[in-house]
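S.K.: Sharing data34.cif, mmCIF, C-alpha atoms:
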data_target
#
loop_
_atom_site.label_atom_id
_atom_site.label_comp_id
_atom_site.auth_asym_id
_atom_site.auth_seq_id
_atom_site.Cartn_x
_atom_site.Cartn_y
_atom_site.Cartn_z
CA MET A 13 104.38 -104.78 80.22
CA MET A 14 105.98 -107.53 82.33
CA TYR A 15 107.49 -110.33 80.24
CA ARG A 16 107.09 -113.89 81.52
CA GLU A 17 108.51 -116.78 79.52
CA LYS A 18 105.87 -119.11 80.97
CA LEU A 19 103.25 -117.32 78.86
CA ASN A 20 104.48 -119.56 76.03
CA ASP A 21 103.31 -122.59 78.01
CA LEU A 22 99.83 -121.09 78.26
CA TYR A 23 99.74 -120.41 74.51
CA GLU A 24 100.63 -124.07 73.87
CA TRP A 25 97.94 -125.21 76.32
CA LYS A 26 95.29 -123.21 74.44
CA LYS A 27 96.13 -124.96 71.18
CA LYS A 28 95.30 -128.40 72.60
CA LYS A 29 91.92 -129.95 71.86
CA ASN A 30 89.86 -131.44 74.70
CA LYS A 31 92.32 -129.90 77.09
CA GLN A 32 92.45 -130.54 80.82
CA PRO A 33 92.05 -127.59 83.22
CA LEU A 34 95.32 -125.74 83.78
CA LEU A 35 96.53 -125.55 87.38
CA ILE A 36 98.85 -122.60 88.03
CA ARG A 37 100.60 -123.02 91.36
CA GLY A 38 103.54 -121.50 93.17
CA ALA A 39 104.52 -119.38 96.17
CA ARG A 40 102.55 -116.29 97.12
CA LYS A 41 103.22 -113.15 95.07
CA THR A 42 105.06 -114.87 92.21
CA GLY A 43 102.61 -113.48 89.63
CA LYS A 44 100.14 -116.37 89.21
CA THR A 45 97.06 -114.17 88.93
CA TRP A 46 98.80 -111.69 86.64
CA ILE A 47 99.99 -114.32 84.14
CA ALA A 48 96.53 -115.96 84.02
CA GLN A 49 94.74 -112.67 83.42
CA GLU A 50 97.33 -111.40 80.93
CA PHE A 51 97.01 -114.60 78.92
CA ALA A 52 93.21 -114.60 79.11
CA ASN A 53 92.89 -110.97 78.03
CA GLN A 54 95.18 -111.61 75.07
CA MET A 55 93.56 -114.82 73.84
CA TYR A 56 89.83 -114.69 74.75
CA SER A 57 87.02 -112.22 74.16
CA ASN A 58 85.11 -113.35 77.26
CA VAL A 59 86.93 -113.77 80.57
CA ILE A 60 85.19 -114.92 83.74
CA TYR A 61 87.43 -114.29 86.75
CA VAL A 62 86.31 -115.59 90.15
CA GLU A 63 88.26 -114.74 93.29
CA LEU A 64 87.53 -117.18 96.10
CA GLY A 65 87.73 -116.04 99.70
CA GLU A 66 85.40 -115.21 102.56
CA LYS A 67 83.40 -113.38 99.90
CA ILE A 68 83.31 -114.79 96.39
CA VAL A 69 83.67 -112.06 93.79
CA CYS A 70 83.12 -112.68 90.08
CA ASN A 71 84.18 -110.35 87.28
CA TYR A 72 82.32 -111.25 84.08
CA LEU A 73 82.42 -108.90 81.08
CA ASN A 74 83.63 -106.12 83.43
CA GLU A 75 80.56 -106.59 85.64
CA ILE A 76 81.33 -107.36 89.29
CA LYS A 77 79.04 -109.93 90.91
CA LYS A 78 79.10 -111.34 94.43
CA LEU A 79 78.35 -115.05 94.58
CA GLU A 80 76.93 -116.87 97.59
CA ASN A 81 78.93 -120.05 96.93
CA ILE A 82 81.20 -121.57 94.33
CA GLN A 83 78.38 -123.50 92.65
CA ASP A 84 76.73 -120.18 91.73
CA VAL A 85 79.29 -120.11 88.91
CA LEU A 86 77.11 -122.73 87.21
CA ASN A 87 74.20 -120.28 87.20
CA LEU A 88 76.09 -117.65 85.21
CA GLU A 89 74.65 -117.26 81.75
CA PHE A 90 77.20 -117.95 79.04
CA ASP A 91 77.92 -120.46 76.30
CA ARG A 92 79.91 -123.17 78.05
CA ASN A 93 80.91 -124.69 74.70
CA SER A 94 82.51 -121.54 73.32
CA ASP A 95 86.19 -121.61 72.38
CA ASP A 96 86.29 -117.88 73.14
CA ILE A 97 85.43 -118.09 76.86
CA ILE A 98 87.77 -118.84 79.74
CA LEU A 99 86.93 -119.36 83.40
CA ILE A 100 89.63 -118.45 85.97
CA LEU A 101 89.13 -119.65 89.54
CA ASP A 102 91.65 -117.98 91.86
CA ASN A 103 92.65 -119.11 95.38
CA ILE A 104 90.96 -122.50 95.04
CA GLU A 105 92.46 -123.52 98.39
CA ASN A 106 89.62 -121.48 99.94
CA ILE A 107 86.98 -123.93 98.68
CA THR A 108 85.79 -125.86 101.74
CA ASP A 109 84.67 -128.93 99.80
CA LEU A 110 86.76 -129.66 96.70
CA LYS A 111 83.91 -131.85 95.39
CA GLU A 112 82.22 -128.56 94.47
CA LEU A 113 85.19 -127.71 92.32
CA GLN A 114 84.97 -131.09 90.61
CA ILE A 115 81.29 -130.49 89.81
CA ILE A 116 82.17 -127.22 88.06
CA VAL A 117 85.01 -128.80 86.09
CA ASP A 118 82.78 -131.72 85.04
CA LYS A 119 79.96 -129.49 83.83
CA MET A 120 82.02 -126.77 82.13
CA THR A 121 83.36 -127.39 78.65
CA CYS A 122 85.01 -123.98 78.28
CA ASP A 123 88.71 -123.52 79.06
CA ILE A 124 89.46 -123.40 82.80
CA ILE A 125 92.44 -122.08 84.76
CA LEU A 126 92.78 -122.86 88.48
CA ILE A 127 95.16 -120.83 90.67
CA THR A 128 96.54 -121.82 94.08
CA SER A 129 99.46 -121.23 96.42
CA ARG A 130 98.72 -124.27 98.60
CA LEU A 131 97.04 -127.13 96.77
CA LEU A 132 98.83 -129.78 94.73
CA GLU A 133 97.63 -131.99 91.90
CA SER A 134 97.16 -134.84 94.39
CA ASP A 135 94.62 -132.76 96.33
CA LEU A 136 92.30 -132.65 93.30
CA LYS A 137 90.05 -135.50 92.19
CA PHE A 138 90.39 -134.79 88.48
CA ASN A 139 93.23 -134.52 86.00
CA VAL A 140 94.93 -131.20 85.37
CA ARG A 141 97.90 -129.86 83.49
CA THR A 142 100.26 -127.97 85.79
CA LEU A 143 102.25 -124.78 85.34
CA LYS A 144 104.50 -124.00 88.30
CA LEU A 145 105.48 -120.36 88.59
CA PHE A 146 108.69 -119.06 90.15
CA PRO A 147 110.05 -115.52 90.68
CA LEU A 148 111.34 -113.70 87.59
CA THR A 149 114.52 -115.06 86.02
CA TYR A 150 117.45 -112.76 85.43
CA GLN A 151 116.51 -112.40 81.75
CA GLU A 152 112.91 -111.54 82.67
CA PHE A 153 114.28 -109.03 85.18
CA LEU A 154 116.32 -107.36 82.42
CA TYR A 155 113.20 -106.96 80.29
CA ALA A 156 111.26 -105.59 83.26
CA ILE A 157 113.82 -102.84 83.96
CA GLU A 158 113.96 -102.02 80.23
CA GLU A 159 117.38 -103.47 79.54
CA ASN A 160 115.81 -105.01 76.46
CA GLU A 161 118.93 -105.12 74.33
CA LEU A 162 120.87 -107.05 76.97
CA ALA A 163 117.96 -109.45 77.41
CA ASP A 164 117.69 -109.95 73.64
CA TYR A 165 121.39 -110.87 73.37
CA ILE A 166 120.80 -113.59 75.97
CA GLU A 167 117.70 -114.82 74.17
CA LYS A 168 119.61 -115.11 70.88
CA LEU A 169 122.80 -116.41 72.55
CA ASP A 170 124.63 -113.62 70.73
CA PHE A 171 128.05 -114.32 72.24
CA GLU A 172 129.83 -111.46 70.49
CA ASN A 173 127.57 -108.87 72.09
CA ILE A 174 127.23 -110.82 75.35
CA ASN A 175 131.00 -110.82 75.78
CA ARG A 176 131.23 -107.14 74.85
CA GLU A 177 128.61 -106.16 77.43
CA SER A 178 129.77 -108.44 80.25
CA LYS A 179 130.28 -105.57 82.71
CA LYS A 180 126.72 -104.38 82.17
CA TYR A 181 125.43 -107.89 82.80
CA ILE A 182 127.36 -108.14 86.08
CA ASN A 183 126.20 -104.68 87.21
CA ASN A 184 122.58 -105.61 86.56
CA LEU A 185 123.12 -108.97 88.25
CA LYS A 186 124.14 -107.11 91.41
CA LYS A 187 120.87 -105.16 91.21
CA TYR A 188 119.00 -108.44 90.78
CA ILE A 189 120.62 -109.85 93.91
CA TYR A 190 119.32 -106.90 95.92
CA ILE A 191 115.89 -106.65 94.25
CA GLY A 192 115.17 -110.28 93.41
CA GLY A 193 112.49 -111.64 91.13
CA MET A 194 109.19 -111.01 92.93
CA PRO A 195 107.09 -109.26 90.26
CA GLU A 196 105.66 -106.53 92.51
CA VAL A 197 109.13 -105.67 93.81
CA VAL A 198 110.64 -105.55 90.32
CA LYS A 199 107.74 -103.44 89.07
CA ARG A 200 108.23 -100.94 91.89
CA PHE A 201 111.94 -100.63 91.09
CA ALA A 202 111.26 -100.29 87.36
CA GLU A 203 108.83 -97.45 88.05
CA THR A 204 110.73 -95.59 90.78
CA LYS A 205 114.40 -96.72 90.77
CA ASP A 206 114.08 -96.30 94.55
CA TYR A 207 115.83 -99.03 96.53
CA ARG A 208 114.17 -97.89 99.75
CA LEU A 209 110.74 -98.59 98.26
CA VAL A 210 112.08 -101.95 97.09
CA ARG A 211 112.86 -102.91 100.68
CA GLU A 212 109.42 -101.77 101.86
CA LYS A 213 107.71 -103.97 99.28
CA GLN A 214 109.95 -106.95 100.12
CA GLU A 215 109.13 -106.61 103.83
CA GLU A 216 105.44 -106.44 102.95
CA ILE A 217 105.66 -109.66 100.91
CA ILE A 218 107.59 -111.48 103.64
CA ASN A 219 104.86 -110.57 106.13
CA ILE A 220 102.17 -111.81 103.72
CA ILE A 221 103.97 -115.14 103.32
CA ILE A 222 104.49 -115.62 107.06
CA ASN A 223 100.90 -114.65 107.88
CA ASP A 224 99.64 -117.01 105.18
CA MET A 225 101.56 -119.85 106.81
CA LYS A 226 100.22 -118.92 110.25
CA GLU A 227 96.65 -119.17 108.96
CA GLU A 228 97.09 -122.91 108.42
CA GLY A 229 96.78 -123.66 112.12
CA THR A 230 99.02 -123.46 115.15
CA VAL A 231 101.10 -126.61 114.57
CA LEU A 232 101.44 -126.74 110.76
CA GLY A 233 101.67 -122.97 110.37
CA ASP A 234 104.39 -122.62 113.00
CA GLU A 235 106.40 -125.48 111.51
CA LEU A 236 106.17 -124.08 107.98
CA LYS A 237 107.31 -120.66 109.18
CA THR A 238 110.12 -122.11 111.31
CA VAL A 239 111.64 -124.27 108.56
CA PHE A 240 111.26 -121.54 105.94
CA LEU A 241 113.04 -118.90 108.05
CA ASN A 242 115.64 -121.43 109.21
CA SER A 243 116.49 -122.28 105.59
CA ILE A 244 117.50 -118.64 105.15
CA GLU A 245 119.59 -118.67 108.32
CA GLN A 246 121.41 -121.82 107.25
CA VAL A 247 122.36 -120.62 103.76
CA GLN A 248 124.32 -117.81 105.42
CA LYS A 249 126.55 -120.36 107.12
CA GLU A 250 129.08 -122.72 105.60
CA GLN A 251 127.10 -124.55 102.92
CA LYS A 252 126.62 -128.02 104.33
CA GLU A 253 123.55 -130.24 104.32
CA PHE A 254 120.41 -128.80 105.92
CA ASP A 255 120.62 -129.60 109.64
CA PHE A 256 117.33 -129.97 111.52
CA ARG A 257 119.21 -129.75 114.82
CA ASN A 258 119.63 -126.04 114.13
CA ILE A 259 115.86 -125.74 114.54
CA LYS A 260 115.70 -127.66 117.80
CA ILE A 261 118.24 -129.84 119.58
CA GLY A 262 117.33 -133.49 119.24
CA THR A 263 115.14 -132.96 116.17
CA ARG A 264 115.21 -135.81 113.67
CA LEU A 265 114.69 -135.87 109.91
CA VAL A 266 111.43 -137.79 110.19
CA GLN A 267 109.83 -134.94 112.15
CA TYR A 268 110.44 -132.12 109.68
CA GLU A 269 110.85 -133.88 106.33
CA PRO A 270 107.09 -133.59 105.55
CA ILE A 271 107.30 -129.84 106.25
CA VAL A 272 110.28 -129.50 103.91
CA ASN A 273 108.38 -131.34 101.18
CA ILE A 274 105.34 -129.08 101.61
CA LEU A 275 107.53 -125.97 101.29
CA LYS A 276 109.26 -127.46 98.24
CA GLU A 277 106.03 -128.38 96.47
CA ARG A 278 104.51 -124.98 97.19
CA GLY A 279 107.58 -123.28 95.77
CA TYR A 280 109.02 -121.67 98.92
CA VAL A 281 112.30 -123.60 98.93
CA TYR A 282 114.49 -125.40 96.39
CA LYS A 283 115.51 -128.81 97.70
CA VAL A 284 118.82 -130.08 96.29
CA ASN A 285 119.39 -133.78 96.99
CA LYS A 286 122.83 -135.31 97.45
CA ALA A 287 123.97 -137.68 94.70
CA LEU A 288 126.13 -140.66 95.60
CA ARG A 289 127.53 -140.62 92.07
CA PRO A 290 126.48 -139.48 88.59
CA GLY A 291 124.28 -141.89 86.65
CA ILE A 292 121.15 -142.23 84.54
CA PRO A 293 118.56 -141.82 85.94
CA MET A 294 119.96 -139.56 88.63
CA ASN A 295 117.20 -140.37 91.13
CA ALA A 296 118.54 -143.93 91.33
CA PHE A 297 121.80 -142.60 92.78
CA GLN A 298 120.56 -140.11 95.36
CA ASP A 299 121.15 -140.05 99.10
CA VAL A 300 117.67 -139.33 100.48
CA LEU A 301 118.98 -138.55 103.97
CA ASN A 302 121.09 -135.55 102.94
CA PHE A 303 120.00 -132.45 101.07
CA LYS A 304 120.43 -128.69 100.90
CA LEU A 305 117.65 -126.11 101.07
CA PHE A 306 117.68 -122.77 99.28
CA PRO A 307 114.94 -120.14 99.77
CA PHE A 308 112.90 -119.26 96.69
CA ASP A 309 113.89 -115.64 96.02
CA ILE A 310 117.29 -114.00 96.21
CA GLY A 311 115.87 -110.53 96.88
CA LEU A 312 113.88 -111.67 99.91
CA ILE A 313 117.07 -113.27 101.26
CA SER A 314 118.99 -110.00 100.87
CA CYS A 315 116.13 -108.24 102.67
CA LEU A 316 116.07 -110.68 105.61
CA MET A 317 119.88 -110.50 105.79
CA ASN A 318 119.57 -106.70 105.86
CA LEU A 319 122.05 -106.43 103.00
CA ASP A 320 123.43 -102.90 102.78
CA LEU A 321 122.80 -101.22 99.44
CA SER A 322 126.34 -99.79 99.37
CA ILE A 323 127.83 -103.24 98.77
CA ILE A 324 126.38 -103.24 95.25
CA LEU A 325 128.77 -100.39 94.42
CA GLN A 326 131.85 -102.12 95.82
CA GLY A 327 133.12 -103.99 92.79
CA ASN A 328 132.06 -107.63 92.96
CA GLU A 329 132.24 -107.87 96.75
CA ILE A 330 128.57 -108.82 96.92
CA PHE A 331 129.49 -112.29 95.67
CA LYS A 332 131.70 -112.81 98.73
CA VAL A 333 128.99 -112.07 101.31
CA ALA A 334 128.18 -114.83 103.80
CA ASN A 335 130.29 -117.55 102.21
CA SER A 336 129.25 -116.53 98.68
CA VAL A 337 125.61 -117.29 99.46
CA PHE A 338 124.30 -115.07 96.66
CA GLU A 339 126.19 -116.68 93.80
CA LYS A 340 124.92 -120.12 94.87
CA GLN A 341 121.39 -118.84 95.38
CA PHE A 342 121.37 -117.17 91.96
CA VAL A 343 122.50 -120.34 90.19
CA ILE A 344 119.99 -122.65 91.88
CA GLN A 345 117.20 -120.13 91.26
CA GLU A 346 118.00 -119.91 87.55
CA LEU A 347 118.40 -123.68 87.17
CA SER A 348 115.17 -124.49 89.04
CA ASN A 349 113.18 -122.02 86.98
CA LYS A 350 114.57 -123.01 83.60
CA ILE A 351 115.33 -126.74 83.78
CA GLY A 352 112.29 -128.10 85.56
CA THR A 353 113.91 -131.30 86.84
CA GLN A 354 115.38 -132.36 90.17
CA ILE A 355 118.80 -130.87 90.89
CA TYR A 356 121.52 -132.62 92.88
CA TYR A 357 124.94 -131.96 94.37
CA TRP A 358 127.89 -134.28 94.92
CA LYS A 359 130.50 -134.36 97.67
CA GLU A 360 133.39 -136.76 98.17
CA SER A 361 133.34 -138.08 101.76
CA ASN A 362 136.11 -136.84 104.05
CA THR A 363 137.57 -134.52 101.40
CA LYS A 364 137.17 -130.92 100.29
CA TYR A 365 135.96 -131.97 96.84
CA GLU A 366 132.40 -130.95 96.00
CA ILE A 367 130.37 -130.26 92.86
CA ASP A 368 127.81 -127.54 93.53
CA PHE A 369 125.08 -128.90 91.25
CA LEU A 370 124.38 -131.90 89.02
CA VAL A 371 121.56 -131.80 86.48
CA GLN A 372 120.29 -134.46 84.10
CA LEU A 373 119.53 -133.15 80.60
CA GLN A 374 119.01 -135.15 77.42
CA ALA A 375 120.37 -138.38 78.96
CA LYS A 376 123.48 -136.50 80.09
CA VAL A 377 124.59 -135.65 83.62
CA ILE A 378 126.02 -132.14 83.74
CA PRO A 379 128.33 -131.28 86.67
CA ILE A 380 128.24 -127.55 87.48
CA LYS A 381 130.85 -125.83 89.61
CA ILE A 382 130.84 -122.15 90.63
CA ASN A 383 134.37 -120.78 90.31
CA LEU A 384 134.09 -116.99 90.10
CA TRP A 385 137.34 -115.99 91.73
CA ASP A 386 139.95 -118.27 90.22
CA ASN A 387 141.18 -118.23 86.63
CA LYS A 388 142.30 -121.84 86.96
CA ILE A 389 139.95 -124.81 86.74
CA ASP A 390 138.65 -125.81 90.15
CA SER A 391 140.30 -128.83 91.78
CA SER A 392 136.90 -130.38 92.54
CA ILE A 393 136.09 -130.51 88.82
CA ARG A 394 139.44 -132.18 88.10
CA TRP A 395 138.85 -134.72 90.86
CA PHE A 396 135.32 -135.45 89.63
CA HIS A 397 136.54 -135.77 86.03
CA ARG A 398 139.22 -138.29 87.02
CA LYS A 399 136.95 -140.28 89.31
CA PHE A 400 134.01 -140.46 86.90
CA GLU A 401 135.37 -140.48 83.37
CA ASN A 402 133.68 -138.80 80.40
CA TYR A 403 131.68 -136.25 82.37
CA SER A 404 132.24 -132.87 80.76
CA SER A 405 131.60 -130.02 83.19
CA VAL A 406 130.30 -126.47 83.36
CA ASN A 407 132.60 -124.01 85.08
CA ILE A 408 130.68 -120.87 86.13
CA THR A 409 132.87 -117.76 86.11
CA PHE A 410 132.89 -114.01 85.57
CA GLU A 411 134.76 -114.67 82.34
CA ARG A 412 133.53 -115.03 78.77
CA TYR A 413 131.82 -118.10 77.39
CA LYS A 414 134.61 -120.42 76.24
CA TRP A 415 134.88 -124.11 75.42
CA GLN A 416 137.93 -125.60 77.13
CA GLY A 417 137.81 -129.17 75.82
CA TRP A 418 136.35 -131.32 78.58
CA TYR A 419 134.74 -128.37 80.35
CA THR A 420 133.09 -125.11 79.32
CA ASP A 421 133.41 -121.71 80.97
CA ILE A 422 130.02 -120.03 81.22
CA PRO A 423 129.55 -116.54 82.69
CA ILE A 424 127.27 -116.64 85.73
CA PHE A 425 124.62 -114.47 84.08
CA LEU A 426 124.16 -117.13 81.33
CA VAL A 427 123.55 -120.07 83.65
CA GLY A 428 119.82 -119.96 82.90
CA LYS A 429 120.57 -120.83 79.27
CA ILE A 430 122.38 -124.13 79.92
CA LYS A 431 119.47 -126.14 78.54
CA GLU A 432 119.52 -124.14 75.29
CA LEU A 433 123.31 -124.32 75.08
CA ILE A 434 123.15 -128.10 75.21
CA ALA A 435 120.30 -128.26 72.70
CA LYS A 436 122.30 -126.12 70.26
CA ASN A 437 125.49 -128.12 70.96
CA LYS A 438 127.19 -124.95 72.19
CA LEU A 439 128.99 -126.90 74.89
CA ASN A 440 130.74 -128.99 72.21
CA TRP A 441 129.87 -132.31 73.81
CA SER A 442 129.27 -135.48 71.85
#
So, in terms of structure tokens, how does the structure I just supplied come out?

M.R.:
Amino acid sequence: MMYREKLNDLYEWKKKKNKQPLLIRGARKTGKTWIAQEFANQMYSNVIYVELGEKIVCNYLNEIKKLENIQDVLNLEFDRNSDDIILILDNIENITDLKELQIIVDKMTCDIILITSRLLESDLKFNVRTLKLFPLTYQEFLYAIEENELADYIEKLDFENINRESKKYINNLKKYIYIGGMPEVVKRFAETKDYRLVREKQEEIINIIINDMKEEGTVLGDELKTVFLNSIEQVQKEQKEFDFRNIKIGTRLVQYEPIVNILKERGYVYKVNKALRPGIPMNAFQDVLNFKLFPFDIGLISCLMNLDLSIILQGNEIFKVANSVFEKQFVIQELSNKIGTQIYYWKESNTKYEIDFLVQLQAKVIPIKINLWDNKIDSSIRWFHRKFENYSSVNITFERYKWQGWYTDIPIFLVGKIKELIAKNKLNWS
């Protein structure tokens, strides 16, 4: 069975009294339907699943019914006050008039889950609680390929065993770079161990995503596709701010910024804003005109880059491909999935000094620098530490977890646990 940490959020939602409907949203093929159905089948005796499309199909008590319209859900015979019934409405973006959805939500008192890859909370006329789903994290990937012991060590922050098994973690990380975190791709690898079939599934998913964007009309669909594919092209180059002129000469920020925000909100890109300086709150110190874009799944990037499988076997050379694009992509993917807050970067004007990522956690600003290939502390961290006093840093390496006074070495495969490390005071910061 696939393990998803976000299931815990659904369990907590069920415990609430007078709960709002739960909106599960995220990019296509990230496992939204699976997690809703898995949760429902675990926690409810009666599950009503309605798939909305050209034809509306309802599965109620294992009986398939075709509905003429969405309001036919109201005519289904069941106890709407039961705590043991859940209604799942999938692909709600296919509802022509969202007022119909509001009617259902108003009249139903059973638990309701709504699933979408396009709509946002602001598109709905009623309050919801949101769960945003991303591709599998590295730890979830380990569970999926039955490296349960390695995944358990990470869960428990068992540093003795984590340090002892560091080579295994790096070897599996190289697999993750090639395979990525799309559930269907990971499942295929877990079942077959066939990298060729992995690529076939990745290509299939990329086509589904592109075709889904095209369906939104000539102008919007083309712009979504163009910016999404261009974000992948640009991460292969020297990692500077996202440049709209690479899309079309003379293009200005104002033209494509709405498209970037749509892709970000739908979960297809991670948008990392530039910070002018560290400070609380971080959004008060951001430069809104400069940002970096990272695509949403590392495996789909390796597919579009036509990454050769043989490079996985060549030591740690995979981390040097295309200006170390994969190490940066892995870190932002783990941070975005696990932290849930806006992520920033910092760069000193007219110098080489740059901090890859800044995150705000528990009223602290955490500078994070990727430094895999050098045993010495990176000069950018030293510069940042001198310029902005009292900011302890995270130095991401291949090495073991180690507290170094004003900075902490964290192996790259543990970056997703930074939040827990801070909560447990494992970074030794006051």

S.K.: Using the chain letters and numbering of this document, enumerate as a ChimeraX atom specification the residues selected by the PyMOL selection byres ((chain A and resi 269-271) around 10).

M.R.: /A:232-233,235-240,256,264-268,272-277,301

S.K.: Between A:Ser405, A:Gln151, A:Ala287, A:Asp206, which has the minimum distance to Ala163 in chain A (counting only C-alpha atoms)?

M.R.: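 Comparing A:Ser405, A:Gln151, A:Ala287, A:Asp206 against Ala163 in chain A, the winner is A:Gln151.
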
S.K.: Could you jot down the CA of Glu172 in chain A to CA of Pro423 in chain A separation for me, Å, one decimal place?

M.R.: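 Between these atoms lies a distance of 13.2 Å.
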
S.K.: Once you count only C-alpha atoms, which residues end up no further than 10 Å from (120.1, -111.2, 108.1) in the file's frame, shown as a PDB file with C-alpha atoms, in the coordinates of the input?

M.R.:
ATOM      1  CA  ILE A 244     117.500-118.640 105.150  1.00  0.00           C
ATOM      2  CA  GLU A 245     119.590-118.670 108.320  1.00  0.00           C
ATOM      3  CA  GLN A 248     124.320-117.810 105.420  1.00  0.00           C
ATOM      4  CA  ILE A 313     117.070-113.270 101.260  1.00  0.00           C
ATOM      5  CA  SER A 314     118.990-110.000 100.870  1.00  0.00           C
ATOM      6  CA  CYS A 315     116.130-108.240 102.670  1.00  0.00           C
ATOM      7  CA  LEU A 316     116.070-110.680 105.610  1.00  0.00           C
ATOM      8  CA  MET A 317     119.880-110.500 105.790  1.00  0.00           C
ATOM      9  CA  ASN A 318     119.570-106.700 105.860  1.00  0.00           C
ATOM     10  CA  LEU A 319     122.050-106.430 103.000  1.00  0.00           C
ATOM     11  CA  ALA A 334     128.180-114.830 103.800  1.00  0.00           C
TER      12      ALA A 334
END

S.K.: If the PyMOL selection byres ((chain A and resi 283) around 12) were run on this exact file, what residues would it hold? Put them as number ranges by chain.

M.R.: A: 240, 243, 253-254, 269, 271-282, 284-286, 300, 302-308, 341, 344-345, 348, 353-357, 369

S.K.: Please identify all polymer residues within 7 Å of Ile378 in chain A, counting only C-alpha atoms, omitting same-chain residues fewer than 3 positions from it, and present them as a list in words.

M.R.: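 Contacts, in chain order: Leu370, Val371, Gln372, Ser404 and Ser405 of chain A.
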